[in-house]
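Student: What follows is structure.txt, made up of compact mmCIF, N, CA and C atoms:
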# COMPACT_ATOMS: atom_id res chain seq x y z
N MET A 20 137.49 -22.75 68.68
CA MET A 20 136.56 -22.50 67.61
C MET A 20 135.23 -22.03 68.18
N LEU A 21 134.72 -22.69 69.18
CA LEU A 21 133.44 -22.28 69.76
C LEU A 21 133.54 -20.91 70.40
N ALA A 22 134.65 -20.62 71.05
CA ALA A 22 134.84 -19.30 71.66
C ALA A 22 134.90 -18.23 70.57
N SER A 23 135.55 -18.54 69.46
CA SER A 23 135.66 -17.58 68.37
C SER A 23 134.30 -17.29 67.75
N THR A 24 133.52 -18.32 67.49
CA THR A 24 132.21 -18.10 66.89
C THR A 24 131.26 -17.43 67.87
N ALA A 25 131.42 -17.68 69.15
CA ALA A 25 130.61 -16.97 70.14
C ALA A 25 130.91 -15.47 70.11
N ARG A 26 132.16 -15.13 69.88
CA ARG A 26 132.59 -13.73 69.84
C ARG A 26 132.19 -13.06 68.52
N THR A 27 132.34 -13.77 67.39
CA THR A 27 132.12 -13.17 66.08
C THR A 27 130.72 -13.41 65.52
N GLY A 28 130.09 -14.49 65.92
CA GLY A 28 128.75 -14.80 65.42
C GLY A 28 128.74 -15.45 64.05
N CYS A 29 129.91 -15.86 63.54
CA CYS A 29 129.98 -16.52 62.25
C CYS A 29 131.32 -17.24 62.12
N ALA A 30 131.48 -18.02 61.03
CA ALA A 30 132.71 -18.78 60.84
C ALA A 30 133.05 -18.88 59.36
N VAL A 31 134.35 -18.95 59.06
CA VAL A 31 134.85 -19.17 57.71
C VAL A 31 136.01 -20.15 57.81
N THR A 32 135.99 -21.19 56.98
CA THR A 32 137.13 -22.09 56.90
C THR A 32 137.74 -21.95 55.51
N ALA A 33 139.05 -22.12 55.42
CA ALA A 33 139.76 -22.08 54.14
C ALA A 33 140.74 -23.24 54.12
N GLU A 34 140.63 -24.07 53.09
CA GLU A 34 141.51 -25.23 53.03
C GLU A 34 141.96 -25.49 51.61
N ASN A 35 143.18 -25.93 51.46
CA ASN A 35 143.77 -26.24 50.18
C ASN A 35 143.47 -27.70 49.83
N ALA A 36 142.18 -28.00 49.85
CA ALA A 36 141.71 -29.36 49.58
C ALA A 36 140.20 -29.28 49.32
N SER A 37 139.59 -30.42 49.11
CA SER A 37 138.15 -30.46 48.89
C SER A 37 137.40 -30.07 50.16
N ILE A 38 136.34 -29.28 49.99
CA ILE A 38 135.54 -28.92 51.15
C ILE A 38 134.61 -30.08 51.54
N LEU A 39 134.47 -31.07 50.64
CA LEU A 39 133.64 -32.24 50.93
C LEU A 39 134.40 -33.16 51.88
N ASN A 40 133.84 -33.40 53.04
CA ASN A 40 134.46 -34.24 54.06
C ASN A 40 135.80 -33.69 54.53
N GLY A 41 135.98 -32.40 54.48
CA GLY A 41 137.23 -31.79 54.89
C GLY A 41 137.09 -31.03 56.20
N LEU A 42 138.00 -30.11 56.41
CA LEU A 42 138.01 -29.29 57.62
C LEU A 42 136.69 -28.55 57.79
N GLY A 43 136.22 -27.90 56.71
CA GLY A 43 134.98 -27.15 56.79
C GLY A 43 133.80 -28.02 57.21
N GLY A 44 133.75 -29.24 56.74
CA GLY A 44 132.68 -30.16 57.12
C GLY A 44 132.74 -30.50 58.60
N ALA A 45 133.94 -30.73 59.10
CA ALA A 45 134.10 -31.04 60.52
C ALA A 45 133.70 -29.84 61.39
N VAL A 46 134.11 -28.65 60.96
CA VAL A 46 133.74 -27.44 61.71
C VAL A 46 132.22 -27.26 61.68
N ALA A 47 131.61 -27.45 60.51
CA ALA A 47 130.16 -27.31 60.39
C ALA A 47 129.42 -28.30 61.30
N GLU A 48 129.89 -29.54 61.36
CA GLU A 48 129.26 -30.53 62.23
C GLU A 48 129.31 -30.09 63.68
N CYS A 49 130.44 -29.59 64.11
CA CYS A 49 130.58 -29.14 65.49
C CYS A 49 129.68 -27.94 65.77
N LEU A 50 129.69 -26.97 64.85
CA LEU A 50 128.91 -25.76 65.07
C LEU A 50 127.41 -26.04 65.08
N VAL A 51 126.95 -26.89 64.20
CA VAL A 51 125.50 -27.15 64.14
C VAL A 51 125.00 -27.77 65.44
N GLU A 52 125.84 -28.52 66.12
CA GLU A 52 125.42 -29.14 67.38
C GLU A 52 125.63 -28.25 68.60
N HIS A 53 126.62 -27.37 68.56
CA HIS A 53 126.99 -26.62 69.76
C HIS A 53 126.78 -25.12 69.68
N ALA A 54 126.88 -24.54 68.49
CA ALA A 54 126.78 -23.09 68.37
C ALA A 54 126.41 -22.71 66.94
N PRO A 55 125.18 -23.01 66.51
CA PRO A 55 124.80 -22.71 65.12
C PRO A 55 125.04 -21.24 64.78
N CYS A 56 125.62 -21.01 63.62
CA CYS A 56 125.91 -19.65 63.15
C CYS A 56 126.15 -19.69 61.65
N PRO A 57 126.08 -18.54 60.97
CA PRO A 57 126.39 -18.50 59.55
C PRO A 57 127.84 -18.95 59.31
N MET A 58 128.04 -19.71 58.23
CA MET A 58 129.37 -20.24 57.95
C MET A 58 129.60 -20.30 56.45
N LYS A 59 130.83 -20.05 56.03
CA LYS A 59 131.24 -20.21 54.64
C LYS A 59 132.48 -21.08 54.60
N ARG A 60 132.54 -21.97 53.60
CA ARG A 60 133.71 -22.83 53.40
C ARG A 60 134.39 -22.45 52.10
N VAL A 61 135.71 -22.25 52.14
CA VAL A 61 136.49 -21.90 50.96
C VAL A 61 137.44 -23.05 50.68
N GLY A 62 137.46 -23.51 49.44
CA GLY A 62 138.33 -24.61 49.04
C GLY A 62 137.81 -25.25 47.76
N PHE A 63 138.34 -26.41 47.40
CA PHE A 63 137.90 -27.13 46.22
C PHE A 63 136.43 -27.48 46.35
N ARG A 64 135.65 -27.21 45.34
CA ARG A 64 134.23 -27.51 45.35
C ARG A 64 133.94 -28.64 44.35
N ASP A 65 134.00 -29.86 44.82
CA ASP A 65 133.63 -31.04 44.03
C ASP A 65 134.26 -31.04 42.64
N ARG A 66 135.58 -30.99 42.60
CA ARG A 66 136.29 -31.04 41.34
C ARG A 66 137.60 -31.78 41.52
N PHE A 67 138.15 -32.22 40.43
CA PHE A 67 139.43 -32.91 40.49
C PHE A 67 140.54 -31.93 40.84
N GLY A 68 141.53 -32.42 41.55
CA GLY A 68 142.68 -31.59 41.88
C GLY A 68 143.50 -31.27 40.63
N GLU A 69 144.29 -30.24 40.73
CA GLU A 69 145.13 -29.82 39.61
C GLU A 69 146.56 -29.66 40.10
N VAL A 70 147.47 -29.63 39.17
CA VAL A 70 148.87 -29.39 39.47
C VAL A 70 149.26 -28.08 38.81
N GLY A 71 150.00 -27.26 39.53
CA GLY A 71 150.44 -26.00 38.96
C GLY A 71 151.08 -25.13 40.02
N LYS A 72 151.41 -23.93 39.64
CA LYS A 72 151.99 -22.98 40.59
C LYS A 72 150.92 -22.57 41.59
N MET A 73 151.36 -22.29 42.82
CA MET A 73 150.40 -21.97 43.89
C MET A 73 149.52 -20.78 43.55
N GLU A 74 150.07 -19.75 42.94
CA GLU A 74 149.25 -18.58 42.59
C GLU A 74 148.11 -18.98 41.66
N TYR A 75 148.42 -19.78 40.64
CA TYR A 75 147.38 -20.26 39.72
C TYR A 75 146.34 -21.09 40.46
N LEU A 76 146.81 -22.03 41.30
CA LEU A 76 145.90 -22.91 42.00
C LEU A 76 144.99 -22.15 42.95
N ARG A 77 145.53 -21.17 43.67
CA ARG A 77 144.70 -20.37 44.57
C ARG A 77 143.59 -19.65 43.80
N GLU A 78 143.93 -19.12 42.65
CA GLU A 78 142.93 -18.44 41.83
C GLU A 78 141.93 -19.43 41.26
N ALA A 79 142.40 -20.59 40.82
CA ALA A 79 141.53 -21.59 40.20
C ALA A 79 140.48 -22.12 41.17
N ILE A 80 140.86 -22.26 42.44
CA ILE A 80 139.90 -22.83 43.40
C ILE A 80 139.27 -21.78 44.30
N GLY A 81 139.60 -20.52 44.07
CA GLY A 81 138.99 -19.46 44.88
C GLY A 81 139.55 -19.38 46.28
N LEU A 82 140.87 -19.51 46.41
CA LEU A 82 141.51 -19.52 47.72
C LEU A 82 142.48 -18.35 47.88
N THR A 83 142.23 -17.26 47.16
CA THR A 83 143.07 -16.08 47.32
C THR A 83 142.63 -15.32 48.57
N ALA A 84 143.45 -14.39 49.00
CA ALA A 84 143.08 -13.57 50.16
C ALA A 84 141.76 -12.84 49.89
N GLN A 85 141.56 -12.38 48.66
CA GLN A 85 140.33 -11.69 48.32
C GLN A 85 139.12 -12.62 48.40
N ASP A 86 139.29 -13.88 47.97
CA ASP A 86 138.20 -14.85 48.04
C ASP A 86 137.82 -15.15 49.49
N ILE A 87 138.83 -15.30 50.34
CA ILE A 87 138.57 -15.59 51.75
C ILE A 87 137.91 -14.39 52.41
N ALA A 88 138.37 -13.18 52.09
CA ALA A 88 137.76 -11.97 52.65
C ALA A 88 136.30 -11.85 52.19
N ALA A 89 136.03 -12.16 50.93
CA ALA A 89 134.66 -12.10 50.42
C ALA A 89 133.77 -13.11 51.14
N ALA A 90 134.29 -14.31 51.39
CA ALA A 90 133.53 -15.31 52.13
C ALA A 90 133.23 -14.83 53.54
N ALA A 91 134.20 -14.18 54.16
CA ALA A 91 133.98 -13.64 55.51
C ALA A 91 132.89 -12.56 55.47
N ARG A 92 132.92 -11.70 54.48
CA ARG A 92 131.89 -10.66 54.37
C ARG A 92 130.51 -11.28 54.18
N ARG A 93 130.42 -12.35 53.38
CA ARG A 93 129.13 -13.03 53.17
C ARG A 93 128.64 -13.67 54.47
N ALA A 94 129.55 -14.27 55.23
CA ALA A 94 129.16 -14.88 56.50
C ALA A 94 128.68 -13.81 57.48
N VAL A 95 129.39 -12.70 57.55
CA VAL A 95 129.00 -11.60 58.47
C VAL A 95 127.63 -11.05 58.04
N ALA A 96 127.40 -10.92 56.74
CA ALA A 96 126.13 -10.38 56.26
C ALA A 96 124.94 -11.27 56.62
N ARG A 97 125.19 -12.56 56.85
CA ARG A 97 124.11 -13.50 57.20
C ARG A 97 123.78 -13.52 58.67
N LYS A 98 124.59 -12.84 59.49
CA LYS A 98 124.33 -12.84 60.93
C LYS A 98 122.99 -12.16 61.21
N LYS A 99 122.32 -12.62 62.24
CA LYS A 99 121.02 -12.02 62.64
C LYS A 99 121.22 -10.75 63.39
Using the file provided, produce a representation of the structure as structure tokens.
Tutor:
Amino acid sequence: MLASTARTGCAVTAENASILNGLGGAVAECLVEHAPCPMKRVGFRDRFGEVGKMEYLREAIGLTAQDIAAAARRAVARKK
């Protein structure tokens, strides 16, 4: 992870779960101490989980390929 952010200058995490206390939070904690950089987290944003088909759920929580690509573009745009 640190090697990747050193190369790209930013980070994006995507998880099929809450971003609160999840993978994105752990990555953010590591980066802030070792390699601060722009970061975006994609996943559930402080809401109850839902049950349904994966396509619906990805769209409902913003976890489609387009959503992840947009988050990456926003992170890249924040680089110095």
Student: Which value, in Å to one decimal, gives the distance between atom C of A:Gly44 and atom CA of A:Lys59?
Tutor: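 Computing it gives 11.1 Å between the two atoms.
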Student: Which is closest to A:Leu39 among A:Ala89, A:Val61, A:Leu82, A:Met20, if we use only C-alpha atoms?
Tutor: A:Val61
Student: Adding 3 Å on each side of the box along x, y and z that holds all listed atoms of stretch 50-63 of chain A, could you give its centre and edge lengths in Å to one decimal, as lines of an AutoDock Vina configuration file?
Tutor:
center_x = 131.6
center_y = -23.8
center_z = 58.0
size_x = 19.5
size_y = 16.6
size_z = 29.5
Student: Could you jot down the atom C of A:Val31 to atom CA of A:Glu48 separation for me, Å, one decimal place?
Tutor: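 Here the two named atoms are 13.1 Å from each other.
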Student: In Å, with one decimal, what is the gap from atom N of A:Ile80 to atom CA of A:Arg60?
Tutor: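 According to the coordinates, atom N of A:Ile80 and atom CA of A:Arg60 are separated by 13.1 Å.
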